[in-house]
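Here is the file run-v4.pdb (PDB, C-alpha atoms and all ligand atoms).
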```pdb
ATOM      1  CA  MET V   2    -131.626  -5.832  94.532  1.00  0.00           C
ATOM      2  CA  HIS V   3    -129.063  -6.025  91.767  1.00  0.00           C
ATOM      3  CA  GLU V   4    -129.948  -2.653  90.320  1.00  0.00           C
ATOM      4  CA  LEU V   5    -129.634  -0.676  93.538  1.00  0.00           C
ATOM      5  CA  GLY V   6    -126.186  -2.155  94.145  1.00  0.00           C
ATOM      6  CA  THR V   7    -125.202  -1.122  90.632  1.00  0.00           C
ATOM      7  CA  ILE V   8    -126.331   2.443  91.271  1.00  0.00           C
ATOM      8  CA  TYR V   9    -124.289   2.698  94.455  1.00  0.00           C
ATOM      9  CA  TYR V  10    -121.299   1.267  92.641  1.00  0.00           C
ATOM     10  CA  VAL V  11    -121.685   3.981  89.973  1.00  0.00           C
ATOM     11  CA  ILE V  12    -122.061   6.747  92.557  1.00  0.00           C
ATOM     12  CA  ASN V  13    -119.051   5.613  94.590  1.00  0.00           C
ATOM     13  CA  THR V  14    -116.835   5.116  91.563  1.00  0.00           C
ATOM     14  CA  VAL V  15    -117.709   8.441  89.951  1.00  0.00           C
ATOM     15  CA  GLU V  16    -117.374  10.346  93.227  1.00  0.00           C
ATOM     16  CA  LYS V  17    -113.868   8.962  93.575  1.00  0.00           C
ATOM     17  CA  LEU V  18    -113.006   9.960  90.002  1.00  0.00           C
ATOM     18  CA  MET V  19    -114.375  13.435  90.589  1.00  0.00           C
ATOM     19  CA  GLU V  20    -112.247  13.842  93.659  1.00  0.00           C
ATOM     20  CA  GLU V  21    -109.137  12.707  91.827  1.00  0.00           C
ATOM     21  CA  ASN V  22    -109.810  15.084  88.954  1.00  0.00           C
ATOM     22  CA  ASN V  23    -111.140  18.020  90.976  1.00  0.00           C
ATOM     23  CA  LEU V  24    -114.537  17.940  89.327  1.00  0.00           C
ATOM     24  CA  THR V  25    -117.611  19.306  91.063  1.00  0.00           C
ATOM     25  CA  GLN V  26    -120.294  18.674  88.438  1.00  0.00           C
ATOM     26  CA  VAL V  27    -121.030  15.800  86.114  1.00  0.00           C
ATOM     27  CA  GLY V  28    -123.455  16.255  83.224  1.00  0.00           C
ATOM     28  CA  SER V  29    -123.984  12.628  82.418  1.00  0.00           C
ATOM     29  CA  ILE V  30    -122.698   9.154  83.126  1.00  0.00           C
ATOM     30  CA  THR V  31    -122.810   6.460  80.459  1.00  0.00           C
ATOM     31  CA  LEU V  32    -123.179   2.963  81.840  1.00  0.00           C
ATOM     32  CA  GLN V  33    -122.906  -0.137  79.679  1.00  0.00           C
ATOM     33  CA  VAL V  34    -124.971  -3.036  80.930  1.00  0.00           C
ATOM     34  CA  GLY V  35    -124.358  -6.602  79.777  1.00  0.00           C
ATOM     35  CA  GLU V  36    -127.259  -8.354  78.056  1.00  0.00           C
ATOM     36  CA  VAL V  37    -127.082 -11.311  80.429  1.00  0.00           C
ATOM     37  CA  SER V  38    -126.108  -9.417  83.578  1.00  0.00           C
ATOM     38  CA  GLY V  39    -129.654  -9.794  84.893  1.00  0.00           C
ATOM     39  CA  ILE V  40    -129.846  -6.033  85.335  1.00  0.00           C
ATOM     40  CA  ILE V  41    -133.030  -4.411  84.085  1.00  0.00           C
ATOM     41  CA  PRO V  42    -132.313  -0.955  82.598  1.00  0.00           C
ATOM     42  CA  GLU V  43    -135.760   0.411  83.504  1.00  0.00           C
ATOM     43  CA  TYR V  44    -135.116  -0.386  87.173  1.00  0.00           C
ATOM     44  CA  LEU V  45    -131.730   1.300  86.952  1.00  0.00           C
ATOM     45  CA  GLU V  46    -133.430   4.475  85.740  1.00  0.00           C
ATOM     46  CA  ASP V  47    -135.870   4.397  88.658  1.00  0.00           C
ATOM     47  CA  PHE V  48    -133.178   3.752  91.258  1.00  0.00           C
ATOM     48  CA  TRP V  49    -131.024   6.463  89.753  1.00  0.00           C
ATOM     49  CA  GLN V  50    -133.811   9.022  90.214  1.00  0.00           C
ATOM     50  CA  TYR V  51    -134.213   7.883  93.795  1.00  0.00           C
ATOM     51  CA  ALA V  52    -130.519   7.674  94.716  1.00  0.00           C
ATOM     52  CA  ARG V  53    -129.252  10.830  93.027  1.00  0.00           C
ATOM     53  CA  ALA V  54    -131.690  13.012  94.973  1.00  0.00           C
ATOM     54  CA  LYS V  55    -129.823  12.041  98.144  1.00  0.00           C
ATOM     55  CA  THR V  56    -126.390  12.861  96.783  1.00  0.00           C
ATOM     56  CA  GLU V  57    -124.479  16.081  96.841  1.00  0.00           C
ATOM     57  CA  HIS V  58    -123.109  15.954  93.297  1.00  0.00           C
ATOM     58  CA  PHE V  59    -125.522  14.077  91.067  1.00  0.00           C
ATOM     59  CA  ARG V  60    -128.870  15.820  91.416  1.00  0.00           C
ATOM     60  CA  ASP V  61    -128.737  17.070  87.813  1.00  0.00           C
ATOM     61  CA  THR V  62    -126.712  14.229  86.370  1.00  0.00           C
ATOM     62  CA  GLU V  63    -128.249  12.123  83.649  1.00  0.00           C
ATOM     63  CA  LEU V  64    -127.638   8.375  83.588  1.00  0.00           C
ATOM     64  CA  LYS V  65    -127.339   7.016  80.055  1.00  0.00           C
ATOM     65  CA  ILE V  66    -127.645   3.278  79.683  1.00  0.00           C
ATOM     66  CA  GLU V  67    -126.196   1.322  76.783  1.00  0.00           C
ATOM     67  CA  LYS V  68    -126.507  -2.367  76.080  1.00  0.00           C
ATOM     68  CA  LEU V  69    -123.353  -4.463  76.037  1.00  0.00           C
ATOM     69  CA  GLU V  70    -123.721  -7.472  73.750  1.00  0.00           C
ATOM     70  CA  ALA V  71    -123.212 -10.889  75.310  1.00  0.00           C
ATOM     71  CA  VAL V  72    -120.637 -13.076  73.533  1.00  0.00           C
ATOM     72  CA  THR V  73    -119.885 -16.739  74.142  1.00  0.00           C
ATOM     73  CA  TYR V  74    -116.705 -18.609  73.169  1.00  0.00           C
ATOM     74  CA  CYS V  75    -116.661 -22.221  71.984  1.00  0.00           C
ATOM     75  CA  GLN V  76    -113.652 -24.186  73.200  1.00  0.00           C
ATOM     76  CA  ASP V  77    -114.070 -26.877  70.568  1.00  0.00           C
ATOM     77  CA  CYS V  78    -114.132 -24.840  67.351  1.00  0.00           C
ATOM     78  CA  LYS V  79    -112.601 -21.653  68.868  1.00  0.00           C
ATOM     79  CA  GLN V  80    -115.289 -19.372  67.519  1.00  0.00           C
ATOM     80  CA  THR V  81    -117.416 -16.772  69.232  1.00  0.00           C
ATOM     81  CA  TYR V  82    -121.153 -16.236  68.817  1.00  0.00           C
ATOM     82  CA  PRO V  83    -123.990 -14.077  70.227  1.00  0.00           C
ATOM     83  CA  THR V  84    -125.111 -15.601  73.533  1.00  0.00           C
ATOM     84  CA  LEU V  85    -128.715 -14.441  73.498  1.00  0.00           C
ATOM     85  CA  GLU V  86    -129.443 -16.167  70.219  1.00  0.00           C
ATOM     86  CA  TYR V  87    -127.762 -19.540  70.821  1.00  0.00           C
ATOM     87  CA  LYS V  88    -127.349 -19.757  74.618  1.00  0.00           C
ATOM     88  CA  LYS V  89    -124.888 -22.506  75.623  1.00  0.00           C
ATOM     89  CA  ILE V  90    -124.861 -24.468  72.362  1.00  0.00           C
ATOM     90  CA  CYS V  91    -122.341 -23.434  69.711  1.00  0.00           C
ATOM     91  CA  PRO V  92    -124.122 -22.701  66.391  1.00  0.00           C
ATOM     92  CA  TYR V  93    -121.060 -23.832  64.385  1.00  0.00           C
ATOM     93  CA  CYS V  94    -120.201 -27.250  65.854  1.00  0.00           C
ATOM     94  CA  HIS V  95    -123.134 -27.783  68.287  1.00  0.00           C
ATOM     95  CA  SER V  96    -120.793 -28.287  71.211  1.00  0.00           C
ATOM     96  CA  ASP V  97    -121.824 -27.198  74.689  1.00  0.00           C
ATOM     97  CA  ASN V  98    -118.190 -26.790  75.695  1.00  0.00           C
ATOM     98  CA  THR V  99    -118.642 -23.018  75.767  1.00  0.00           C
ATOM     99  CA  PHE V 100    -118.279 -20.114  78.143  1.00  0.00           C
ATOM    100  CA  LEU V 101    -119.423 -16.526  78.362  1.00  0.00           C
ATOM    101  CA  ILE V 102    -116.718 -13.967  77.508  1.00  0.00           C
ATOM    102  CA  THR V 103    -118.641 -10.767  77.914  1.00  0.00           C
ATOM    103  CA  GLY V 104    -122.148  -9.609  78.712  1.00  0.00           C
ATOM    104  CA  ASN V 105    -122.371 -10.492  82.390  1.00  0.00           C
ATOM    105  CA  GLU V 106    -120.989  -7.213  83.678  1.00  0.00           C
ATOM    106  CA  TYR V 107    -121.562  -3.505  83.795  1.00  0.00           C
ATOM    107  CA  VAL V 108    -118.985  -0.897  82.882  1.00  0.00           C
ATOM    108  CA  ILE V 109    -118.836   2.852  83.297  1.00  0.00           C
ATOM    109  CA  LYS V 110    -118.001   3.896  79.757  1.00  0.00           C
ATOM    110  CA  GLU V 111    -118.000   7.646  79.917  1.00  0.00           C
ATOM    111  CA  ILE V 112    -118.336  10.535  82.322  1.00  0.00           C
ATOM    112  CA  GLU V 113    -119.192  13.928  80.939  1.00  0.00           C
ATOM    113  CA  ALA V 114    -117.767  16.685  83.104  1.00  0.00           C
ATOM    114  CA  MET V 115    -119.423  20.082  83.253  1.00  0.00           C
TER
HETATM  115 ZN    ZN Y   1    -118.116 -24.623  68.317  1.00  0.00          ZN
END
```
Output the file's structure as structure tokens, nothing else.
Ligand SMILES: [Zn+2]
Amino acid sequence: MHELGTIYYVINTVEKLMEENNLTQVGSITLQVGEVSGIIPEYLEDFWQYARAKTEHFRDTELKIEKLEAVTYCQDCKQTYPTLEYKKICPYCHSDNTFLITGNEYVIKEIEAM
């Protein structure tokens, strides 16, 4: 389960940050999720509800999910384009000599302390 792993990553990372910054409460966590990461935001929400109930610090913490656009780079014409629309084929020169730059990851963007 991709999504459950993501939730535990978020919990572990934020707990560490809280410790370092002497925080005891977090109002919300904003997580950016790449469009082609394979992570389904609705599942994240469900797992968050489930996982936070078992934690000491996050019972009242809201998880905000934002979409991170997927971008692909073309090595032939050196341009970038939106991955979801054109997949592996460059819309400018029709090359398939392309690779994903961003959109396959998840990033903790913001933590709102209380
Ligand atoms: Zn191209």
| Which of these, V:Lys89, V:Lys55, V:Lys65, V:Arg60, has the shortest distance to Glu113 in chain V once you count all atoms listed in the file? |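 Smallest distance to Glu113 in chain V is found for V:Lys65.
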Find the residues of chain V that sit at most 12 Å from ligand ZN 1 (chain Y); for each, write down the nearest two atoms and how far apart they are in Å, to one decimal. Count all atoms listed in the file. Sort by chain, then by number going up, and give it as CSV.
```
residue,atom,partner,partner_atom,distance
V:Thr73,CA,Y:ZN1,ZN,10.0
V:Tyr74,CA,Y:ZN1,ZN,7.9
V:Cys75,CA,Y:ZN1,ZN,4.6
V:Gln76,CA,Y:ZN1,ZN,6.6
V:Asp77,CA,Y:ZN1,ZN,5.1
V:Cys78,CA,Y:ZN1,ZN,4.1
V:Lys79,CA,Y:ZN1,ZN,6.3
V:Gln80,CA,Y:ZN1,ZN,6.0
V:Thr81,CA,Y:ZN1,ZN,7.9
V:Tyr82,CA,Y:ZN1,ZN,8.9
V:Tyr87,CA,Y:ZN1,ZN,11.2
V:Lys89,CA,Y:ZN1,ZN,10.2
V:Ile90,CA,Y:ZN1,ZN,7.9
V:Cys91,CA,Y:ZN1,ZN,4.6
V:Pro92,CA,Y:ZN1,ZN,6.6
V:Tyr93,CA,Y:ZN1,ZN,5.0
V:Cys94,CA,Y:ZN1,ZN,4.2
V:His95,CA,Y:ZN1,ZN,5.9
V:Ser96,CA,Y:ZN1,ZN,5.4
V:Asp97,CA,Y:ZN1,ZN,7.8
V:Asn98,CA,Y:ZN1,ZN,7.7
V:Thr99,CA,Y:ZN1,ZN,7.6
V:Phe100,CA,Y:ZN1,ZN,10.8
```
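Taking CA of Ala52 in chain V and CA of Val108 in chain V as endpoints, the distance between them is 18.6 Å.
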| message | Report, in Å to a single decimal, how far apart CA of Glu106 in chain V and CA of Glu70 in chain V are. | response |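 That distance, rounded to one decimal, is 10.3 Å.
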| message | Using the chain letters and numbers from this file, what does the PyMOL selection byres (((chain V and resi 39) around 10) and not hetatm) select? Give the answer as a PyMOL selection string. | response | chain V and resi 3-4+34-38+40-42+104-106
Would you export the selected residues with C-alpha atoms as an mmCIF file, in the frame of the given file, please?
```cif
data_model
loop_
_atom_site.group_PDB
_atom_site.id
_atom_site.type_symbol
_atom_site.label_atom_id
_atom_site.label_comp_id
_atom_site.auth_asym_id
_atom_site.auth_seq_id
_atom_site.Cartn_x
_atom_site.Cartn_y
_atom_site.Cartn_z
ATOM 1 C CA HIS V 3 -129.063 -6.025 91.767
ATOM 2 C CA GLU V 4 -129.948 -2.653 90.320
ATOM 3 C CA VAL V 34 -124.971 -3.036 80.930
ATOM 4 C CA GLY V 35 -124.358 -6.602 79.777
ATOM 5 C CA GLU V 36 -127.259 -8.354 78.056
ATOM 6 C CA VAL V 37 -127.082 -11.311 80.429
ATOM 7 C CA SER V 38 -126.108 -9.417 83.578
ATOM 8 C CA ILE V 40 -129.846 -6.033 85.335
ATOM 9 C CA ILE V 41 -133.030 -4.411 84.085
ATOM 10 C CA PRO V 42 -132.313 -0.955 82.598
ATOM 11 C CA GLY V 104 -122.148 -9.609 78.712
ATOM 12 C CA ASN V 105 -122.371 -10.492 82.390
ATOM 13 C CA GLU V 106 -120.989 -7.213 83.678
#
```
| message | Quick check, in Å to one decimal: how far apart do CA of His58 in chain V and CA of Ile12 in chain V lie? | response |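 Separating CA of His58 in chain V from CA of Ile12 in chain V is a distance of 9.3 Å.
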| field | Contacts of Thr62 in chain V within 6 Å, all atoms listed in the file, excl. fewer than 2 positions in-chain, as JSON, numbers by chain | value | {"V": [27, 28, 29, 59, 60]}
| request: Please check which residues have atoms at most 12 Å from (-120.0, 10.1, 84.4) in the file's coordinates, counting only C-alpha atoms, and write them as a PyMOL selection string. | output: chain V and resi 11-19+24-33+58-59+61-66+108-115
Centre and edge lengths of an axis-aligned box around all listed atoms of range 3-14 of chain V, with 4 Å added on each side, are to be given in Å to one decimal, as lines of an AutoDock Vina configuration file.
```
center_x = -123.4
center_y = 0.4
center_z = 92.3
size_x = 21.1
size_y = 20.8
size_z = 12.6
```
| field | Selection near Val72 in chain V, 6 Å with all atoms listed in the file, sequence-local residues under 2 positions removed, as an NGL selection string | value | :V and (82-84 or 102-103)
| field | Which residue of V:Leu69, V:Ile8, V:Glu86, V:Leu101 approaches Tyr44 in chain V most closely, using only C-alpha atoms | value | V:Ile8
| Among listed residues V:Glu57, V:Glu46, V:Glu21, V:Glu67, nearest Thr7 in chain V (using all atoms listed in the file) |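 Closest candidate: V:Glu46.
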| query | In terms of the shortest atom-to-atom distance over only C-alpha atoms, which of V:Lys88, V:Ala71, V:Leu5, V:Asn22 is closest to Arg53 in chain V? | reply |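 Answer, going by the shortest atom-to-atom distance: V:Leu5.
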